[in-house]
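*Asks:* Structure incoming, see below.
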Amino acid sequence: MKVIFVTGGAGFIGSMFVRLILEEVKDVKIINFDALTYAGNLENLEGIDSNRHEFIHADITDRKAVLEAMPENADALFNFAAESHVDRSILSADVFLKTNVIGTQVLLDVARHRRVKRFVQISTDEVMGSLPEDENSFFTEESPLRPNSPYAASKAAAEMIVRAANKTFGIDTIITRCGNNYGPRQFPEKLIPLMITNALNDDPLPVYGDGKNVRDWIYVEDHCRAIWEIYLKGKSGEVYNIGARNEKRNIDVVRSILDLLGKPYSLIKFVEDRPGHDRRYAINPQKVETEIGWRPRTSWEEGLKKTIKWYLENQGWLERVRDGSYKEYYRKNYGARLGV
Ligand code: NAD
Ligand code: DAU
């Protein structure tokens with residue numbers, strides 16, 4: 001039986017990873033270590049095989065707690081735990097530095113002490129900054145790190161200390177950089193679930209700037225499968241970009257959501273832009289395709305339909321996560337923009 005240590009496994013991507021691995025890989029036991037911040041939710045783990053899953057409620061910046069929870073010689077550590085939302089990092093960056101940078105350093109230290117066999121850092125294409133639009137340029141593993149938001153800067157810093165741990169201490173590390181994920185259980189602060197939620201409530205849909213910023217979308221399950229395959233087949237010390245060759249302008253994403261929900265475009269409201277808003281992300285996934293043999297399985301059309309269906313069928317989940325702290329964040333970020 002393999003033992004893997006997953007951090008942030010109650011969040012959007014981490015919980016999908018836990019579900020997928022428990023379902024598809026029968027000889028794995030998962031220790032799921034999560035602080036249950038506003039984005040962590042035990043409901044995301046309902047229905048999993050609890051015999052092969054142990055949940056530990058603690059913070060990755062708490063060295064003692066990490067040391068106690070991490071067994072000797074675990075087969076791998078997958079670090080999903082992070083503050084993940086750009087707009088929140090613009091409002092206040094402190095916790096981003098604490099969790100994303102210090103937390104990663106604590107995990108690396110303890111992983112070395114406990115002789116974890118492979119450390120997989122879940123990073124993001126945002127560390128590479130922004131690409132020009134209307135150009136045939138793409139992010140590759142060699143692109144320079146040019147983060148433009150406090151969130152992206154904290155993730156870039158985390159990558160650097162993972163690299164340093166590999167070079168200095170010989171820890172077996174891998175960094176994966178994925179683009180924008182979508183799918184079930186994504187917290188409704190991110191574009192797609194926010195637009196679904198507001199449309200369902202006939203509230204205005206706040207599109208930043210001119211709506212022509214481009215993101216490279218991937219269905220969350222495809223991302224998780226890529227991480228597992230890279231863990232199994234990737235080379236120590238390497239970076240792997242993950243993308244589904246699926247660039248979309250924000251405004252087109254929002255219109256597709258309204259079309260699928262049968263709601264009018266008049267709900268769209270163009271609002272003041274995000275400061276430092278990256279114009280375009282686009283990943284060249286050639287390395288993961290050729291070296292690892294991974295390909296996405298879910299088309300954009302199918303994935304968006306499945307996502308909307310999930311939110312329609314889980315409106316209780318949505319109402320519970322839109323609690324007082326969500327409403328407070330919403331007022332801070334959108335109050336002036338929407339006049340609410
Ligand atoms: P999320 O915000 O939905 O979940 C983050 C999880 O981490 C939550 O369960 C939260 O409770 C936990 N967490 C936060 N701080 C913690 C701490 N100090 N100690 C322990 N647990 C803590 O995030 P997500 O969208 O699922 O992203 C997961 C990872 O993937 C992040 O590292 C993010 O940078 C990366 N990523 C996300 C995307 C995307 O599109 N969402 C794309 C590429 C990479
Ligand atoms: O690319 C990977 C990254 O994707 C991850 O590292 C981040 O964790 C994840 O949050 C995501 O970052 P983005 O900033 O691209 O995602 P977000 O959903 O916040 O925004 C997507 C696009 O939609 C972006 O161009 C901003 C725009 N947007 C977003 C919101 C929340 C709007 O126009 N209006 C909004 O209200």
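Chain lettering (A, B, ...) mirrors the order of the structure tokens, residue numbering begins at 1 for each chain separately, and ligand numbering begins at 1 in order of display.
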Output the neighbourhood of ligand 2 as a ChimeraX atom specification, that is, all protein and nucleic acid residues with some atom at most 8 Å from the ligand, counting only C-alpha atoms and all ligand atoms.

*Replies:* /A:83-87,123-126,151-152,178-181,189-192,194-195,205-209,211,213-216,250-251,273-274,277-281,334

*Asks:* Taking only C-alpha atoms and all ligand atoms into account, list the residues no farther than 8 Å from ligand 1, as a VMD selection string.

*Replies:* chain A and resid 7 to 15 33 to 41 57 to 61 79 to 85 98 to 100 103 121 to 126 155 177 to 182 186 to 187 190

*Asks:* Export N, CA and C atoms of the chosen residues as a short mmCIF file (atom, residue, chain, number, x, y, z; two decimals), in the first residue's frame?

*Replies:*
data_model
loop_
_atom_site.label_atom_id
_atom_site.label_comp_id
_atom_site.auth_asym_id
_atom_site.auth_seq_id
_atom_site.Cartn_x
_atom_site.Cartn_y
_atom_site.Cartn_z
N THR A 7 -1.82 17.92 1.02
CA THR A 7 -2.24 19.12 1.75
C THR A 7 -3.28 19.87 0.92
N GLY A 8 -4.23 20.52 1.60
CA GLY A 8 -5.27 21.27 0.87
C GLY A 8 -6.28 20.36 0.20
N GLY A 9 -6.42 19.13 0.73
CA GLY A 9 -7.31 18.15 0.11
C GLY A 9 -8.80 18.34 0.40
N ALA A 10 -9.16 19.46 1.06
CA ALA A 10 -10.59 19.75 1.24
C ALA A 10 -11.02 20.92 0.35
N GLY A 11 -10.08 21.41 -0.47
CA GLY A 11 -10.40 22.50 -1.38
C GLY A 11 -10.92 21.98 -2.71
N PHE A 12 -11.00 22.85 -3.67
CA PHE A 12 -11.58 22.52 -4.98
C PHE A 12 -10.76 21.43 -5.70
N ILE A 13 -9.50 21.71 -5.99
CA ILE A 13 -8.71 20.75 -6.79
C ILE A 13 -8.25 19.59 -5.90
N GLY A 14 -7.81 19.92 -4.67
CA GLY A 14 -7.32 18.88 -3.77
C GLY A 14 -8.38 17.81 -3.50
N SER A 15 -9.63 18.22 -3.32
CA SER A 15 -10.68 17.22 -3.03
C SER A 15 -10.96 16.36 -4.26
N PHE A 33 -4.28 16.65 4.85
CA PHE A 33 -3.93 17.64 5.87
C PHE A 33 -4.43 19.01 5.39
N ASP A 34 -5.40 19.56 6.09
CA ASP A 34 -6.03 20.80 5.59
C ASP A 34 -6.49 21.66 6.77
N ALA A 35 -6.27 22.96 6.66
CA ALA A 35 -6.63 23.89 7.74
C ALA A 35 -8.10 24.29 7.73
N LEU A 36 -8.83 23.88 6.69
CA LEU A 36 -10.24 24.27 6.54
C LEU A 36 -10.41 25.79 6.66
N THR A 37 -9.74 26.51 5.79
CA THR A 37 -9.96 27.96 5.68
C THR A 37 -11.34 28.15 5.04
N TYR A 38 -11.66 29.37 4.68
CA TYR A 38 -12.97 29.63 4.03
C TYR A 38 -13.14 28.74 2.78
N ALA A 39 -12.01 28.35 2.15
CA ALA A 39 -12.08 27.59 0.90
C ALA A 39 -12.09 26.07 1.11
N GLY A 40 -11.78 25.64 2.33
CA GLY A 40 -11.76 24.21 2.62
C GLY A 40 -13.12 23.77 3.15
N ASN A 41 -13.56 22.58 2.76
CA ASN A 41 -14.94 22.20 3.08
C ASN A 41 -15.03 20.68 3.16
N HIS A 57 -7.01 18.01 10.59
CA HIS A 57 -7.38 19.42 10.53
C HIS A 57 -6.25 20.25 11.15
N ALA A 58 -5.35 20.77 10.32
CA ALA A 58 -4.23 21.56 10.84
C ALA A 58 -3.62 22.40 9.72
N ASP A 59 -2.71 23.27 10.16
CA ASP A 59 -2.17 24.31 9.27
C ASP A 59 -0.76 23.93 8.81
N ILE A 60 -0.46 24.12 7.53
CA ILE A 60 0.89 23.74 7.05
C ILE A 60 1.98 24.66 7.60
N THR A 61 1.61 25.80 8.16
CA THR A 61 2.65 26.66 8.75
C THR A 61 2.96 26.24 10.19
N ASN A 79 1.46 19.04 -2.56
CA ASN A 79 1.12 20.29 -1.87
C ASN A 79 0.13 21.14 -2.66
N PHE A 80 -1.16 20.93 -2.35
CA PHE A 80 -2.23 21.76 -2.93
C PHE A 80 -2.57 22.95 -2.04
N ALA A 81 -2.22 22.87 -0.75
CA ALA A 81 -2.67 23.89 0.20
C ALA A 81 -2.14 25.26 -0.20
N ALA A 82 -3.05 26.23 -0.30
CA ALA A 82 -2.64 27.58 -0.67
C ALA A 82 -3.81 28.53 -0.49
N GLU A 83 -3.46 29.79 -0.37
CA GLU A 83 -4.43 30.84 -0.64
C GLU A 83 -4.40 30.98 -2.15
N SER A 84 -5.58 30.94 -2.79
CA SER A 84 -5.58 30.75 -4.24
C SER A 84 -6.25 31.84 -5.06
N HIS A 85 -6.81 32.88 -4.40
CA HIS A 85 -7.59 33.83 -5.20
C HIS A 85 -6.90 35.19 -5.36
N LYS A 98 2.32 33.88 4.05
CA LYS A 98 2.45 32.93 5.15
C LYS A 98 2.18 31.50 4.66
N THR A 99 1.02 31.29 4.09
CA THR A 99 0.67 29.92 3.68
C THR A 99 1.50 29.46 2.48
N ASN A 100 1.54 30.27 1.44
CA ASN A 100 2.11 29.78 0.17
C ASN A 100 3.63 29.69 0.22
N GLY A 103 4.58 28.16 4.49
CA GLY A 103 3.98 26.83 4.57
C GLY A 103 4.73 25.83 3.69
N GLN A 121 4.90 19.84 -5.99
CA GLN A 121 4.39 21.19 -5.71
C GLN A 121 3.39 21.57 -6.80
N ILE A 122 2.15 21.86 -6.37
CA ILE A 122 1.11 22.23 -7.34
C ILE A 122 1.20 23.74 -7.56
N SER A 123 1.77 24.11 -8.69
CA SER A 123 1.94 25.54 -8.97
C SER A 123 0.98 25.96 -10.09
N THR A 124 1.25 27.13 -10.64
CA THR A 124 0.27 27.73 -11.55
C THR A 124 0.95 28.44 -12.71
N ASP A 125 0.25 28.53 -13.83
CA ASP A 125 0.82 29.27 -14.97
C ASP A 125 0.99 30.75 -14.66
N GLU A 126 0.27 31.24 -13.64
CA GLU A 126 0.34 32.67 -13.32
C GLU A 126 1.73 33.13 -12.91
N LYS A 155 3.32 32.28 -5.21
CA LYS A 155 3.47 30.95 -5.81
C LYS A 155 4.83 30.82 -6.51
N ARG A 177 2.64 23.13 -13.26
CA ARG A 177 2.02 24.46 -13.46
C ARG A 177 0.82 24.32 -14.39
N CYS A 178 -0.35 24.52 -13.81
CA CYS A 178 -1.56 24.35 -14.61
C CYS A 178 -2.23 25.71 -14.86
N GLY A 179 -3.12 25.74 -15.84
CA GLY A 179 -3.91 26.95 -16.11
C GLY A 179 -5.19 26.94 -15.30
N ASN A 180 -6.19 27.67 -15.79
CA ASN A 180 -7.44 27.85 -15.02
C ASN A 180 -8.28 26.59 -14.99
N ASN A 181 -8.53 26.10 -13.79
CA ASN A 181 -9.38 24.92 -13.60
C ASN A 181 -10.84 25.33 -13.48
N TYR A 182 -11.73 24.43 -13.91
CA TYR A 182 -13.16 24.62 -13.64
C TYR A 182 -13.76 23.25 -13.40
N GLN A 186 -15.93 24.22 -7.00
CA GLN A 186 -15.03 25.39 -6.99
C GLN A 186 -15.71 26.52 -6.21
N PHE A 187 -14.96 27.15 -5.35
CA PHE A 187 -15.53 28.20 -4.49
C PHE A 187 -16.05 29.36 -5.36
N LYS A 190 -14.38 32.46 -7.83
CA LYS A 190 -13.69 32.35 -9.11
C LYS A 190 -14.68 32.55 -10.25
#

*Asks:* With DSSP run on the backbone, what are the alpha helix (DSSP H) residues within region 158-305 of chain A? I'd like them as an MDAnalysis selection string.

*Replies:* chainID A and resid 158:169 191:200 220:233 250:261 286:287 300:305

*Asks:* Report, in Å with one decimal, the straight-line distance from CA of Pro264 (chain A) to CA of Glu328 (chain A).

*Replies:*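 Computing it gives 27.2 Å between the two atoms.
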
*Asks:* Within 8 Å of Ile292 (chain A), counting only C-alpha atoms, which residues qualify if same-chain residues fewer than 3 places away don't, as a list of chain:residue names?

*Replies:*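 The neighbour list is A:Glu229, A:Ile230, A:Lys233, A:Gly234, A:Lys287, A:Val288, A:Glu289.
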
*Asks:* So that I have them on file, write out the residues from the current selection with C-alpha atoms, as a PDB file, in the first residue's frame.

*Replies:*
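The result, stored in again_14.pdb:
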ATOM      1  CA  GLU A 229       0.772  10.634 -14.055  1.00  0.00           C
ATOM      2  CA  ILE A 230       3.537  13.226 -13.688  1.00  0.00           C
ATOM      3  CA  LYS A 233       6.578   9.187 -14.644  1.00  0.00           C
ATOM      4  CA  GLY A 234       8.146  12.638 -14.246  1.00  0.00           C
ATOM      5  CA  LYS A 287       6.238  18.262 -22.600  1.00  0.00           C
ATOM      6  CA  VAL A 288       3.461  16.607 -20.557  1.00  0.00           C
ATOM      7  CA  GLU A 289       1.941  15.188 -23.741  1.00  0.00           C
TER       8      GLU A 289
END

*Asks:* Under the rule that only C-alpha atoms are counted, which of A:Glu46, A:Leu258, A:Lys327, A:Asn51 is the nearest residue to Asp27 (chain A)?

*Replies:*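 Using only C-alpha atoms, the shortest distance to Asp27 (chain A) belongs to A:Asn51.
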
*Asks:* Might you pull out every residue within 8 Å of region 105-108 of chain A, with only C-alpha atoms counted and same-chain residues fewer than 2 positions away left off, and present them as a list of chain:residue names?

*Replies:*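 Everything that qualifies: A:Ile60, A:Thr61, A:Asp62, A:Arg63, A:Val66, A:Val101, A:Ile102, A:Gly103, A:Val110, A:Ala111, A:Arg112, A:Phe119, A:Ala158, A:Ile161, A:Val162, A:Ala165.
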
*Asks:* Write the residues of the preceding selection, restricted to N, CA, C and O atoms, as a compact mmCIF listing (two decimals), in the first residue's frame.

*Replies:*
# COMPACT_ATOMS: atom_id res chain seq x y z
N ILE A 60 -0.46 24.12 7.53
CA ILE A 60 0.89 23.74 7.05
C ILE A 60 1.98 24.66 7.60
O ILE A 60 3.16 24.33 7.49
N THR A 61 1.61 25.80 8.16
CA THR A 61 2.65 26.66 8.75
C THR A 61 2.96 26.24 10.19
O THR A 61 3.87 26.77 10.81
N ASP A 62 2.20 25.28 10.72
CA ASP A 62 2.41 24.78 12.09
C ASP A 62 3.36 23.57 12.02
O ASP A 62 2.94 22.42 11.80
N ARG A 63 4.64 23.85 12.21
CA ARG A 63 5.68 22.84 12.03
C ARG A 63 5.44 21.59 12.88
O ARG A 63 5.62 20.46 12.43
N VAL A 66 2.67 19.48 11.47
CA VAL A 66 3.07 18.78 10.24
C VAL A 66 3.98 17.60 10.60
O VAL A 66 3.81 16.49 10.07
N VAL A 101 4.27 30.57 0.99
CA VAL A 101 5.74 30.55 1.03
C VAL A 101 6.24 29.84 2.29
O VAL A 101 6.89 28.79 2.20
N ILE A 102 5.90 30.39 3.45
CA ILE A 102 6.39 29.76 4.70
C ILE A 102 5.85 28.33 4.81
O ILE A 102 6.58 27.41 5.16
N GLY A 103 4.58 28.16 4.49
CA GLY A 103 3.98 26.83 4.57
C GLY A 103 4.73 25.83 3.69
O GLY A 103 4.99 24.69 4.10
N VAL A 110 10.05 19.32 6.74
CA VAL A 110 9.56 18.09 7.40
C VAL A 110 9.66 16.90 6.44
O VAL A 110 10.00 15.79 6.85
N ALA A 111 9.41 17.15 5.17
CA ALA A 111 9.51 16.06 4.18
C ALA A 111 10.94 15.52 4.15
O ALA A 111 11.17 14.32 4.03
N ARG A 112 11.91 16.42 4.28
CA ARG A 112 13.33 15.98 4.29
C ARG A 112 13.59 15.15 5.54
O ARG A 112 14.16 14.07 5.48
N PHE A 119 8.33 14.98 -3.65
CA PHE A 119 7.57 16.17 -3.24
C PHE A 119 7.00 16.82 -4.50
O PHE A 119 7.74 17.27 -5.37
N ALA A 158 7.33 30.19 -3.83
CA ALA A 158 7.24 28.79 -3.40
C ALA A 158 8.00 27.89 -4.38
O ALA A 158 8.74 26.98 -3.97
N ILE A 161 11.72 28.05 -3.67
CA ILE A 161 12.26 27.31 -2.52
C ILE A 161 12.15 25.79 -2.73
O ILE A 161 12.96 25.03 -2.21
N VAL A 162 11.21 25.37 -3.55
CA VAL A 162 11.16 23.94 -3.91
C VAL A 162 12.39 23.60 -4.75
O VAL A 162 13.08 22.59 -4.52
N ALA A 165 15.41 23.40 -2.55
CA ALA A 165 15.46 22.16 -1.74
C ALA A 165 15.96 21.00 -2.59
O ALA A 165 16.67 20.11 -2.12

*Asks:* I want to know what sits within 12 Å of Glu23 (chain A), based on only C-alpha atoms, with residues of the same chain fewer than 2 positions away left out; could you give that as a list in words?

*Replies:*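 Residues meeting the cut-off are Met16, Phe17, Val18, Arg19, Leu20, Ile21, Val25, Lys26, Asp27, Val28, Lys29, Ile30, Gly47, Ile48, Asp49, Ser50, Arg52, His53 and Arg225 of chain A.
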
*Asks:* At a cut-off of 8 Å, using only C-alpha atoms, what residues contact Glu141 (chain A)? Leave out same-chain residues fewer than 3 positions from it and give the result as a ChimeraX atom specification.

*Replies:* /A:239-241

*Asks:* Take the residues from that selection and put them in a file with N, CA, C and O atoms, as a compact mmCIF listing (two decimals), in the first residue's frame.

*Replies:*
# COMPACT_ATOMS: atom_id res chain seq x y z
N VAL A 239 10.08 20.78 -14.10
CA VAL A 239 8.80 21.49 -14.10
C VAL A 239 7.96 20.93 -15.25
O VAL A 239 8.49 20.65 -16.32
N TYR A 240 6.67 20.74 -15.02
CA TYR A 240 5.76 20.29 -16.08
C TYR A 240 4.56 21.23 -16.18
O TYR A 240 3.84 21.41 -15.19
N ASN A 241 4.38 21.84 -17.33
CA ASN A 241 3.18 22.66 -17.55
C ASN A 241 2.03 21.74 -17.96
O ASN A 241 2.23 20.77 -18.70

*Asks:* Find, counting only C-alpha atoms, the residue in A:Leu42, A:Ala93, A:Met70, A:Ala244 that gets nearest to Asp109 (chain A).

*Replies:* A:Met70

*Asks:* Check region 89-201 of chain A with DSSP on the backbone and list each residue it calls strand (DSSP E or B), as number ranges by chain.

*Replies:* A: 119-124, 139, 173-178, 180-182

*Asks:* Keeping N, CA, C and O atoms, export the residues of the selection given above as a PDB file, in the first residue's frame.

*Replies:*
ATOM      1  N   PHE A 119       8.329  14.977  -3.646  1.00  0.00           N
ATOM      2  CA  PHE A 119       7.573  16.173  -3.236  1.00  0.00           C
ATOM      3  C   PHE A 119       6.996  16.818  -4.496  1.00  0.00           C
ATOM      4  O   PHE A 119       7.741  17.274  -5.370  1.00  0.00           O
ATOM      5  N   VAL A 120       5.669  16.854  -4.594  1.00  0.00           N
ATOM      6  CA  VAL A 120       5.035  17.439  -5.787  1.00  0.00           C
ATOM      7  C   VAL A 120       4.395  18.774  -5.411  1.00  0.00           C
ATOM      8  O   VAL A 120       3.468  18.824  -4.589  1.00  0.00           O
ATOM      9  N   GLN A 121       4.901  19.843  -5.991  1.00  0.00           N
ATOM     10  CA  GLN A 121       4.394  21.186  -5.711  1.00  0.00           C
ATOM     11  C   GLN A 121       3.393  21.572  -6.800  1.00  0.00           C
ATOM     12  O   GLN A 121       3.720  21.602  -7.985  1.00  0.00           O
ATOM     13  N   ILE A 122       2.146  21.860  -6.366  1.00  0.00           N
ATOM     14  CA  ILE A 122       1.110  22.230  -7.343  1.00  0.00           C
ATOM     15  C   ILE A 122       1.201  23.736  -7.560  1.00  0.00           C
ATOM     16  O   ILE A 122       0.772  24.530  -6.718  1.00  0.00           O
ATOM     17  N   SER A 123       1.774  24.113  -8.692  1.00  0.00           N
ATOM     18  CA  SER A 123       1.938  25.536  -8.972  1.00  0.00           C
ATOM     19  C   SER A 123       0.982  25.962 -10.090  1.00  0.00           C
ATOM     20  O   SER A 123       0.033  25.233 -10.421  1.00  0.00           O
ATOM     21  N   THR A 124       1.246  27.127 -10.638  1.00  0.00           N
ATOM     22  CA  THR A 124       0.269  27.727 -11.547  1.00  0.00           C
ATOM     23  C   THR A 124       0.953  28.436 -12.708  1.00  0.00           C
ATOM     24  O   THR A 124       2.085  28.921 -12.554  1.00  0.00           O
ATOM     25  N   PHE A 139       3.227  29.858 -22.951  1.00  0.00           N
ATOM     26  CA  PHE A 139       4.095  29.556 -21.819  1.00  0.00           C
ATOM     27  C   PHE A 139       4.719  28.174 -22.055  1.00  0.00           C
ATOM     28  O   PHE A 139       4.015  27.221 -22.407  1.00  0.00           O
ATOM     29  N   THR A 173      11.990  16.452  -6.152  1.00  0.00           N
ATOM     30  CA  THR A 173      10.842  17.372  -6.280  1.00  0.00           C
ATOM     31  C   THR A 173      10.361  17.436  -7.724  1.00  0.00           C
ATOM     32  O   THR A 173      11.133  17.242  -8.674  1.00  0.00           O
ATOM     33  N   ILE A 174       9.065  17.762  -7.846  1.00  0.00           N
ATOM     34  CA  ILE A 174       8.482  18.039  -9.158  1.00  0.00           C
ATOM     35  C   ILE A 174       7.562  19.245  -8.982  1.00  0.00           C
ATOM     36  O   ILE A 174       6.876  19.369  -7.958  1.00  0.00           O
ATOM     37  N   ILE A 175       7.571  20.128  -9.968  1.00  0.00           N
ATOM     38  CA  ILE A 175       6.651  21.274  -9.941  1.00  0.00           C
ATOM     39  C   ILE A 175       5.708  21.141 -11.124  1.00  0.00           C
ATOM     40  O   ILE A 175       6.158  20.927 -12.258  1.00  0.00           O
ATOM     41  N   THR A 176       4.402  21.239 -10.858  1.00  0.00           N
ATOM     42  CA  THR A 176       3.439  21.250 -11.970  1.00  0.00           C
ATOM     43  C   THR A 176       2.815  22.641 -12.046  1.00  0.00           C
ATOM     44  O   THR A 176       2.521  23.255 -11.016  1.00  0.00           O
ATOM     45  N   ARG A 177       2.635  23.132 -13.263  1.00  0.00           N
ATOM     46  CA  ARG A 177       2.020  24.455 -13.462  1.00  0.00           C
ATOM     47  C   ARG A 177       0.822  24.317 -14.386  1.00  0.00           C
ATOM     48  O   ARG A 177       0.982  24.045 -15.580  1.00  0.00           O
ATOM     49  N   CYS A 178      -0.346  24.517 -13.814  1.00  0.00           N
ATOM     50  CA  CYS A 178      -1.558  24.355 -14.614  1.00  0.00           C
ATOM     51  C   CYS A 178      -2.226  25.708 -14.857  1.00  0.00           C
ATOM     52  O   CYS A 178      -1.966  26.678 -14.159  1.00  0.00           O
ATOM     53  N   ASN A 180      -6.192  27.671 -15.786  1.00  0.00           N
ATOM     54  CA  ASN A 180      -7.441  27.852 -15.021  1.00  0.00           C
ATOM     55  C   ASN A 180      -8.277  26.586 -14.993  1.00  0.00           C
ATOM     56  O   ASN A 180      -8.707  26.093 -16.037  1.00  0.00           O
ATOM     57  N   ASN A 181      -8.535  26.101 -13.787  1.00  0.00           N
ATOM     58  CA  ASN A 181      -9.384  24.918 -13.600  1.00  0.00           C
ATOM     59  C   ASN A 181     -10.842  25.330 -13.476  1.00  0.00           C
ATOM     60  O   ASN A 181     -11.144  26.408 -12.967  1.00  0.00           O
ATOM     61  N   TYR A 182     -11.728  24.431 -13.912  1.00  0.00           N
ATOM     62  CA  TYR A 182     -13.157  24.623 -13.643  1.00  0.00           C
ATOM     63  C   TYR A 182     -13.759  23.246 -13.403  1.00  0.00           C
ATOM     64  O   TYR A 182     -13.167  22.234 -13.783  1.00  0.00           O
TER      65      TYR A 182
END

*Asks:* Please compute the CA of Leu338 (chain A)-CA of Val271 (chain A) distance, one decimal, in Å.

*Replies:*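 Distance between the two atoms: 7.1 Å.
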
*Asks:* Provide the CA of Glu247 (chain A) to CA of Ala282 (chain A) distance in Å, to one decimal place.

*Replies:*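 Separating CA of Glu247 (chain A) from CA of Ala282 (chain A) is a distance of 6.5 Å.
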
*Asks:* Just checking: using only C-alpha atoms, which residue out of A:Tyr330, A:Leu312, A:Leu304, A:Gly335 ends up closest to Glu272 (chain A)?

*Replies:*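 Looking at the shortest contact to Glu272 (chain A), the residue is A:Gly335.
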
*Asks:* Select, from A:Gly339, A:Pro285, A:Pro275, A:Gly183, the residue with the minimum atom-to-atom distance to Arg88 (chain A), counting only C-alpha atoms.

*Replies:*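 Among the listed residues, the smallest separation from Arg88 (chain A) belongs to A:Pro275.
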